[in-house]
Amino acid sequence: MSTATPVTVVRLGAGDAAVVHAGADLFDAPPTAEWTDRFLARDGHHLLVALAGDRPVGFVSGVETTHPDKGTEMFLYELAVHPGHRRQGTGRALVEALRALARMRGCYGMWVATDAGNDAALATYRAAGAEPPEPCVTLTWTF
């Protein structure tokens with residue numbers, strides 16, 4: 001018998017800031033009103049939330065990027081699942097929902113970067129159909 005709380009994945013849009021703020025503990029830092037409204041209103045920016053009842057227990061964010069010689073692809077920017085909902089398929093459901101949205105919007109593919117030692121993320125992405133990881137070096141600029 002499963003003890004998993006069923007979740008529903010919903011796509012947020014302009015006017016759904018209250019849902020984001022209700023799940024503030026899922027983010028690295030508390031979401032601000034300004035940035036939340038800006039993200040939710042921008043075409044090509046996507047935030048999908050897993051709800052257990054009306055409580056956010058996970059999210060995935062994606063950003064469409066278009067290049068002149070490649071078309072549009074989905075960048076899976078961030079995935080987070082509340083500790084009490086991990087290892088129950090919530091992360092996989094979120095990634096699969098973003099993948100479906102990317103296909104619906106005409107993206108030719110989807111990609112994500114994660115640390116090589118992040119076994120939980122790698123397992124989630126593989127379970128959701130991702131291809132084996134490629135070696136990658138990430139460089140950053142901090143402003």
# chains A, B, ... in the order shown; residues from 1 in each chain; ligands from 1
$ residues_around --residues "Asp25 of chain A" --least-positions-apart "3" --cutoff "12 Å" --atoms "only C-alpha atoms" --output "list in words"
Val19, Val20, His21, Ala22, Asp28, Ala29, Pro30, Pro31, Arg55, Pro56, Val57, Gly58, Phe59, Ala80, Val81, His82 and Pro83 of chain A
$ residues_around --residues "Ala97 of chain A" --least-positions-apart "4" --cutoff "10 Å" --atoms "only C-alpha atoms" --output "ChimeraX atom specification"
/A:9-11,48-49,60,91-93,101-103,128
$ write_last_selection --atoms "all heavy atoms" --output "CSV table (one decimal), in the first residue's frame"
chain,number,residue,atom,x,y,z
A,9,VAL,N,-0.1,18.4,-11.0
A,9,VAL,CA,0.8,19.3,-11.5
A,9,VAL,C,0.0,20.4,-12.3
A,9,VAL,O,-0.9,20.0,-13.1
A,9,VAL,CB,1.8,18.7,-12.5
A,9,VAL,CG1,2.7,19.7,-13.2
A,9,VAL,CG2,2.7,17.7,-11.7
A,10,VAL,N,0.2,21.7,-12.0
A,10,VAL,CA,-0.5,22.8,-12.6
A,10,VAL,C,0.6,23.7,-13.2
A,10,VAL,O,1.6,23.9,-12.6
A,10,VAL,CB,-1.4,23.5,-11.7
A,10,VAL,CG1,-2.6,22.6,-11.2
A,10,VAL,CG2,-0.7,24.1,-10.5
A,11,ARG,N,0.2,24.3,-14.3
A,11,ARG,CA,1.1,25.4,-14.9
A,11,ARG,C,0.6,26.7,-14.4
A,11,ARG,O,-0.6,27.1,-14.6
A,11,ARG,CB,0.9,25.3,-16.4
A,11,ARG,CG,1.8,26.3,-17.2
A,11,ARG,CD,1.6,26.0,-18.7
A,11,ARG,NE,2.3,27.1,-19.4
A,11,ARG,CZ,2.0,27.4,-20.6
A,11,ARG,NH1,1.0,26.7,-21.3
A,11,ARG,NH2,2.6,28.4,-21.2
A,48,LEU,N,5.8,25.2,-13.4
A,48,LEU,CA,4.8,24.2,-13.1
A,48,LEU,C,5.0,23.8,-11.6
A,48,LEU,O,6.1,23.7,-11.1
A,48,LEU,CB,5.0,23.0,-14.0
A,48,LEU,CG,4.6,23.2,-15.5
A,48,LEU,CD1,5.6,24.0,-16.2
A,48,LEU,CD2,4.5,21.9,-16.1
A,49,VAL,N,3.9,23.6,-10.9
A,49,VAL,CA,3.9,23.4,-9.5
A,49,VAL,C,3.1,22.1,-9.2
A,49,VAL,O,2.1,21.8,-9.8
A,49,VAL,CB,3.3,24.5,-8.7
A,49,VAL,CG1,3.1,24.2,-7.2
A,49,VAL,CG2,4.1,25.8,-8.9
A,60,VAL,N,8.9,22.9,-11.1
A,60,VAL,CA,10.0,22.9,-12.1
A,60,VAL,C,9.8,24.2,-12.9
A,60,VAL,O,8.7,24.6,-13.2
A,60,VAL,CB,9.9,21.7,-13.0
A,60,VAL,CG1,8.6,21.6,-13.8
A,60,VAL,CG2,11.1,21.6,-13.9
A,91,GLY,N,9.0,14.6,-8.6
A,91,GLY,CA,10.0,15.2,-9.5
A,91,GLY,C,9.9,14.7,-10.9
A,91,GLY,O,9.9,15.5,-11.9
A,92,ARG,N,9.7,13.4,-11.1
A,92,ARG,CA,9.5,12.9,-12.4
A,92,ARG,C,8.3,13.4,-13.1
A,92,ARG,O,8.3,13.8,-14.2
A,92,ARG,CB,9.5,11.3,-12.4
A,92,ARG,CG,9.3,10.8,-13.8
A,92,ARG,CD,9.3,9.3,-13.8
A,92,ARG,NE,8.0,8.9,-13.1
A,92,ARG,CZ,7.9,7.8,-12.4
A,92,ARG,NH1,8.8,6.9,-12.3
A,92,ARG,NH2,6.7,7.5,-11.9
A,93,ALA,N,7.2,13.5,-12.3
A,93,ALA,CA,5.9,14.1,-12.9
A,93,ALA,C,6.1,15.5,-13.3
A,93,ALA,O,5.6,15.9,-14.4
A,93,ALA,CB,4.8,14.0,-11.8
A,101,LEU,N,5.0,20.1,-22.2
A,101,LEU,CA,4.7,21.4,-22.5
A,101,LEU,C,5.7,21.9,-23.6
A,101,LEU,O,5.3,22.6,-24.6
A,101,LEU,CB,4.9,22.3,-21.3
A,101,LEU,CG,4.7,23.8,-21.5
A,101,LEU,CD1,3.3,24.2,-22.0
A,101,LEU,CD2,5.1,24.6,-20.2
A,102,ALA,N,7.0,21.5,-23.5
A,102,ALA,CA,8.0,21.9,-24.5
A,102,ALA,C,7.6,21.3,-25.9
A,102,ALA,O,7.7,22.0,-26.9
A,102,ALA,CB,9.3,21.3,-24.1
A,103,ARG,N,7.2,20.1,-25.9
A,103,ARG,CA,6.7,19.5,-27.2
A,103,ARG,C,5.5,20.2,-27.8
A,103,ARG,O,5.4,20.5,-29.0
A,103,ARG,CB,6.4,18.0,-27.0
A,103,ARG,CG,7.7,17.2,-26.7
A,103,ARG,CD,7.4,15.8,-26.7
A,103,ARG,NE,7.3,15.3,-28.0
A,103,ARG,CZ,7.3,14.1,-28.4
A,103,ARG,NH1,7.6,13.1,-27.6
A,103,ARG,NH2,7.2,13.7,-29.7
A,128,ALA,N,12.6,10.3,-16.1
A,128,ALA,CA,11.7,11.1,-16.9
A,128,ALA,C,12.1,11.0,-18.4
A,128,ALA,O,11.6,11.8,-19.2
A,128,ALA,CB,11.6,12.5,-16.5
$ closest_residue --among "A:Leu76, A:Gly13, A:Leu139, A:Arg87" --to "Asp119 of chain A" --atoms "only C-alpha atoms"
A:Arg87
$ closest_residue --among "A:Ala52, A:Leu40, A:Ala14, A:Leu79" --to "Leu26 of chain A" --atoms "only C-alpha atoms"
A:Leu79
$ residues_around --residues "His45 of chain A" --least-positions-apart "4" --cutoff "10 Å" --atoms "only C-alpha atoms" --output "NGL selection string"
:A and (13 or 38-41 or 61-65 or 74-75 or 77)
$ write_last_selection --atoms "all heavy atoms" --output "mmCIF file, in the first residue's frame"
data_model
loop_
_atom_site.group_PDB
_atom_site.id
_atom_site.type_symbol
_atom_site.label_atom_id
_atom_site.label_comp_id
_atom_site.auth_asym_id
_atom_site.auth_seq_id
_atom_site.Cartn_x
_atom_site.Cartn_y
_atom_site.Cartn_z
ATOM 1 N N GLY A 13 0.541 30.955 -14.261
ATOM 2 C CA GLY A 13 0.606 32.064 -15.195
ATOM 3 C C GLY A 13 0.442 33.374 -14.452
ATOM 4 O O GLY A 13 0.414 33.410 -13.211
ATOM 5 N N ARG A 38 7.098 39.188 -12.804
ATOM 6 C CA ARG A 38 7.832 39.321 -14.069
ATOM 7 C C ARG A 38 8.008 37.959 -14.743
ATOM 8 O O ARG A 38 7.812 37.817 -15.942
ATOM 9 C CB ARG A 38 9.183 39.970 -13.785
ATOM 10 C CG ARG A 38 9.946 40.392 -14.980
ATOM 11 C CD ARG A 38 11.080 41.262 -14.522
ATOM 12 N NE ARG A 38 12.171 41.231 -15.461
ATOM 13 C CZ ARG A 38 13.341 41.758 -15.239
ATOM 14 N NH1 ARG A 38 13.610 42.348 -14.094
ATOM 15 N NH2 ARG A 38 14.278 41.708 -16.147
ATOM 16 N N PHE A 39 8.386 36.947 -13.956
ATOM 17 C CA PHE A 39 8.583 35.607 -14.510
ATOM 18 C C PHE A 39 7.276 35.048 -15.051
ATOM 19 O O PHE A 39 7.210 34.545 -16.173
ATOM 20 C CB PHE A 39 9.157 34.664 -13.443
ATOM 21 C CG PHE A 39 9.530 33.308 -13.978
ATOM 22 C CD1 PHE A 39 10.833 33.047 -14.387
ATOM 23 C CD2 PHE A 39 8.594 32.294 -14.085
ATOM 24 C CE1 PHE A 39 11.186 31.806 -14.890
ATOM 25 C CE2 PHE A 39 8.934 31.053 -14.583
ATOM 26 C CZ PHE A 39 10.235 30.809 -14.989
ATOM 27 N N LEU A 40 6.214 35.141 -14.252
ATOM 28 C CA LEU A 40 4.937 34.552 -14.640
ATOM 29 C C LEU A 40 4.309 35.243 -15.849
ATOM 30 O O LEU A 40 3.555 34.621 -16.599
ATOM 31 C CB LEU A 40 3.958 34.576 -13.463
ATOM 32 C CG LEU A 40 4.325 33.681 -12.283
ATOM 33 C CD1 LEU A 40 3.334 33.882 -11.138
ATOM 34 C CD2 LEU A 40 4.406 32.217 -12.685
ATOM 35 N N ALA A 41 4.617 36.507 -16.054
ATOM 36 C CA ALA A 41 4.029 37.257 -17.162
ATOM 37 C C ALA A 41 4.802 37.105 -18.468
ATOM 38 O O ALA A 41 4.273 37.420 -19.538
ATOM 39 C CB ALA A 41 3.942 38.743 -16.795
ATOM 40 N N SER A 61 10.907 24.835 -13.209
ATOM 41 C CA SER A 61 10.844 26.023 -14.058
ATOM 42 C C SER A 61 11.596 25.732 -15.345
ATOM 43 O O SER A 61 12.591 25.005 -15.360
ATOM 44 C CB SER A 61 11.437 27.252 -13.348
ATOM 45 O OG SER A 61 12.782 27.044 -12.988
ATOM 46 N N GLY A 62 11.055 26.285 -16.414
ATOM 47 C CA GLY A 62 11.669 26.124 -17.722
ATOM 48 C C GLY A 62 11.660 27.433 -18.475
ATOM 49 O O GLY A 62 10.753 28.257 -18.289
ATOM 50 N N VAL A 63 12.672 27.606 -19.304
ATOM 51 C CA VAL A 63 12.781 28.816 -20.114
ATOM 52 C C VAL A 63 13.057 28.397 -21.550
ATOM 53 O O VAL A 63 13.991 27.618 -21.808
ATOM 54 C CB VAL A 63 13.913 29.734 -19.601
ATOM 55 C CG1 VAL A 63 14.061 30.961 -20.482
ATOM 56 C CG2 VAL A 63 13.667 30.134 -18.152
ATOM 57 N N GLU A 64 12.238 28.875 -22.464
ATOM 58 C CA GLU A 64 12.463 28.606 -23.879
ATOM 59 C C GLU A 64 13.577 29.507 -24.385
ATOM 60 O O GLU A 64 13.600 30.703 -24.091
ATOM 61 C CB GLU A 64 11.200 28.893 -24.684
ATOM 62 C CG GLU A 64 10.065 27.951 -24.386
ATOM 63 C CD GLU A 64 8.812 28.317 -25.149
ATOM 64 O OE1 GLU A 64 8.899 28.764 -26.322
ATOM 65 O OE2 GLU A 64 7.720 28.156 -24.564
ATOM 66 N N THR A 65 14.497 28.912 -25.125
ATOM 67 C CA THR A 65 15.560 29.687 -25.755
ATOM 68 C C THR A 65 15.537 29.396 -27.252
ATOM 69 O O THR A 65 15.394 28.245 -27.672
ATOM 70 C CB THR A 65 16.949 29.345 -25.167
ATOM 71 O OG1 THR A 65 17.206 27.952 -25.353
ATOM 72 C CG2 THR A 65 17.009 29.666 -23.687
ATOM 73 N N MET A 74 13.811 23.895 -24.781
ATOM 74 C CA MET A 74 13.431 24.195 -23.400
ATOM 75 C C MET A 74 14.633 23.941 -22.492
ATOM 76 O O MET A 74 15.220 22.864 -22.533
ATOM 77 C CB MET A 74 12.261 23.315 -22.962
ATOM 78 C CG MET A 74 11.751 23.622 -21.566
ATOM 79 S SD MET A 74 10.898 25.207 -21.421
ATOM 80 C CE MET A 74 9.384 24.863 -22.298
ATOM 81 N N PHE A 75 14.970 24.926 -21.709
ATOM 82 C CA PHE A 75 16.002 24.802 -20.683
ATOM 83 C C PHE A 75 15.290 24.559 -19.361
ATOM 84 O O PHE A 75 14.519 25.404 -18.914
ATOM 85 C CB PHE A 75 16.851 26.068 -20.638
ATOM 86 C CG PHE A 75 17.743 26.198 -19.431
ATOM 87 C CD1 PHE A 75 18.517 25.133 -18.999
ATOM 88 C CD2 PHE A 75 17.813 27.389 -18.743
ATOM 89 C CE1 PHE A 75 19.346 25.262 -17.884
ATOM 90 C CE2 PHE A 75 18.635 27.528 -17.632
ATOM 91 C CZ PHE A 75 19.401 26.468 -17.206
ATOM 92 N N TYR A 77 15.343 24.913 -15.940
ATOM 93 C CA TYR A 77 16.158 25.796 -15.116
ATOM 94 C C TYR A 77 16.318 25.281 -13.695
ATOM 95 O O TYR A 77 17.413 25.306 -13.138
ATOM 96 C CB TYR A 77 15.538 27.200 -15.113
ATOM 97 C CG TYR A 77 16.406 28.215 -14.422
ATOM 98 C CD1 TYR A 77 17.428 28.849 -15.116
ATOM 99 C CD2 TYR A 77 16.223 28.546 -13.085
ATOM 100 C CE1 TYR A 77 18.245 29.782 -14.495
ATOM 101 C CE2 TYR A 77 17.027 29.473 -12.459
ATOM 102 C CZ TYR A 77 18.037 30.086 -13.162
ATOM 103 O OH TYR A 77 18.841 30.995 -12.544
#
$ closest_residue --among "A:Gly117, A:Pro68, A:Ala17, A:Tyr125" --to "Trp35 of chain A" --atoms "only C-alpha atoms"
A:Ala17
$ select_by_dssp --residues "chain A" --states "strand (DSSP E)" --output "PDB file with C-alpha atoms, in the first residue's frame"
ATOM      1  CA  THR A   8      -1.561  17.468  -9.214  1.00  0.00           C
ATOM      2  CA  VAL A   9       0.792  19.341 -11.545  1.00  0.00           C
ATOM      3  CA  VAL A  10      -0.469  22.759 -12.620  1.00  0.00           C
ATOM      4  CA  ARG A  11       1.054  25.366 -14.907  1.00  0.00           C
ATOM      5  CA  LEU A  12       1.119  28.816 -13.352  1.00  0.00           C
ATOM      6  CA  HIS A  45       9.007  31.353 -19.061  1.00  0.00           C
ATOM      7  CA  HIS A  46       7.206  28.450 -17.419  1.00  0.00           C
ATOM      8  CA  LEU A  47       6.568  27.475 -13.820  1.00  0.00           C
ATOM      9  CA  LEU A  48       4.811  24.198 -13.087  1.00  0.00           C
ATOM     10  CA  VAL A  49       3.894  23.365  -9.508  1.00  0.00           C
ATOM     11  CA  ALA A  50       3.013  20.059  -7.869  1.00  0.00           C
ATOM     12  CA  LEU A  51       0.145  20.510  -5.424  1.00  0.00           C
ATOM     13  CA  ALA A  52      -0.851  18.149  -2.628  1.00  0.00           C
ATOM     14  CA  ARG A  55      -0.154  23.075  -0.841  1.00  0.00           C
ATOM     15  CA  PRO A  56       2.812  23.441  -3.242  1.00  0.00           C
ATOM     16  CA  VAL A  57       5.185  20.498  -2.705  1.00  0.00           C
ATOM     17  CA  GLY A  58       7.406  20.883  -5.759  1.00  0.00           C
ATOM     18  CA  PHE A  59       8.086  22.947  -8.838  1.00  0.00           C
ATOM     19  CA  VAL A  60       9.962  22.921 -12.092  1.00  0.00           C
ATOM     20  CA  SER A  61      10.844  26.023 -14.058  1.00  0.00           C
ATOM     21  CA  GLY A  62      11.669  26.124 -17.722  1.00  0.00           C
ATOM     22  CA  VAL A  63      12.781  28.816 -20.114  1.00  0.00           C
ATOM     23  CA  GLU A  64      12.463  28.606 -23.879  1.00  0.00           C
ATOM     24  CA  THR A  65      15.560  29.687 -25.755  1.00  0.00           C
ATOM     25  CA  THR A  66      15.608  30.324 -29.483  1.00  0.00           C
ATOM     26  CA  HIS A  67      18.701  30.449 -31.661  1.00  0.00           C
ATOM     27  CA  GLY A  71      15.063  26.827 -33.370  1.00  0.00           C
ATOM     28  CA  THR A  72      13.616  26.724 -29.868  1.00  0.00           C
ATOM     29  CA  GLU A  73      14.521  24.389 -27.041  1.00  0.00           C
ATOM     30  CA  MET A  74      13.431  24.195 -23.400  1.00  0.00           C
ATOM     31  CA  PHE A  75      16.002  24.802 -20.683  1.00  0.00           C
ATOM     32  CA  LEU A  76      14.946  23.090 -17.460  1.00  0.00           C
ATOM     33  CA  TYR A  77      16.158  25.796 -15.116  1.00  0.00           C
ATOM     34  CA  GLU A  78      15.320  24.391 -11.697  1.00  0.00           C
ATOM     35  CA  LEU A  79      13.565  21.469 -10.042  1.00  0.00           C
ATOM     36  CA  ALA A  80      12.653  21.311  -6.360  1.00  0.00           C
ATOM     37  CA  VAL A  81      10.598  18.841  -4.352  1.00  0.00           C
ATOM     38  CA  MET A 110      14.954  20.034 -23.650  1.00  0.00           C
ATOM     39  CA  TRP A 111      18.120  20.161 -21.577  1.00  0.00           C
TER      40      TRP A 111
END
$ select_by_dssp --residues "segment 37-83 of chain A" --states "helix (DSSP H, G or I)" --output "list in words"
Asp37, Arg38, Phe39, Leu40, Ala41 and Pro83 of chain A
$ atom_distance --atom1 "atom CA of Ala113 of chain A" --atom2 "atom CA of Ala127 of chain A"
15.7 Å
$ closest_residue --among "A:Gly44, A:Trp141, A:Thr32, A:Arg86" --to "Gly106 of chain A" --atoms "only C-alpha atoms"
A:Gly44
$ closest_residue --among "A:Arg105, A:Thr140, A:Glu34, A:Glu96" --to "Arg126 of chain A" --atoms "only C-alpha atoms"
A:Glu96
$ atom_distance --atom1 "atom CA of Pro132 of chain A" --atom2 "atom CA of Tyr108 of chain A"
17.7 Å
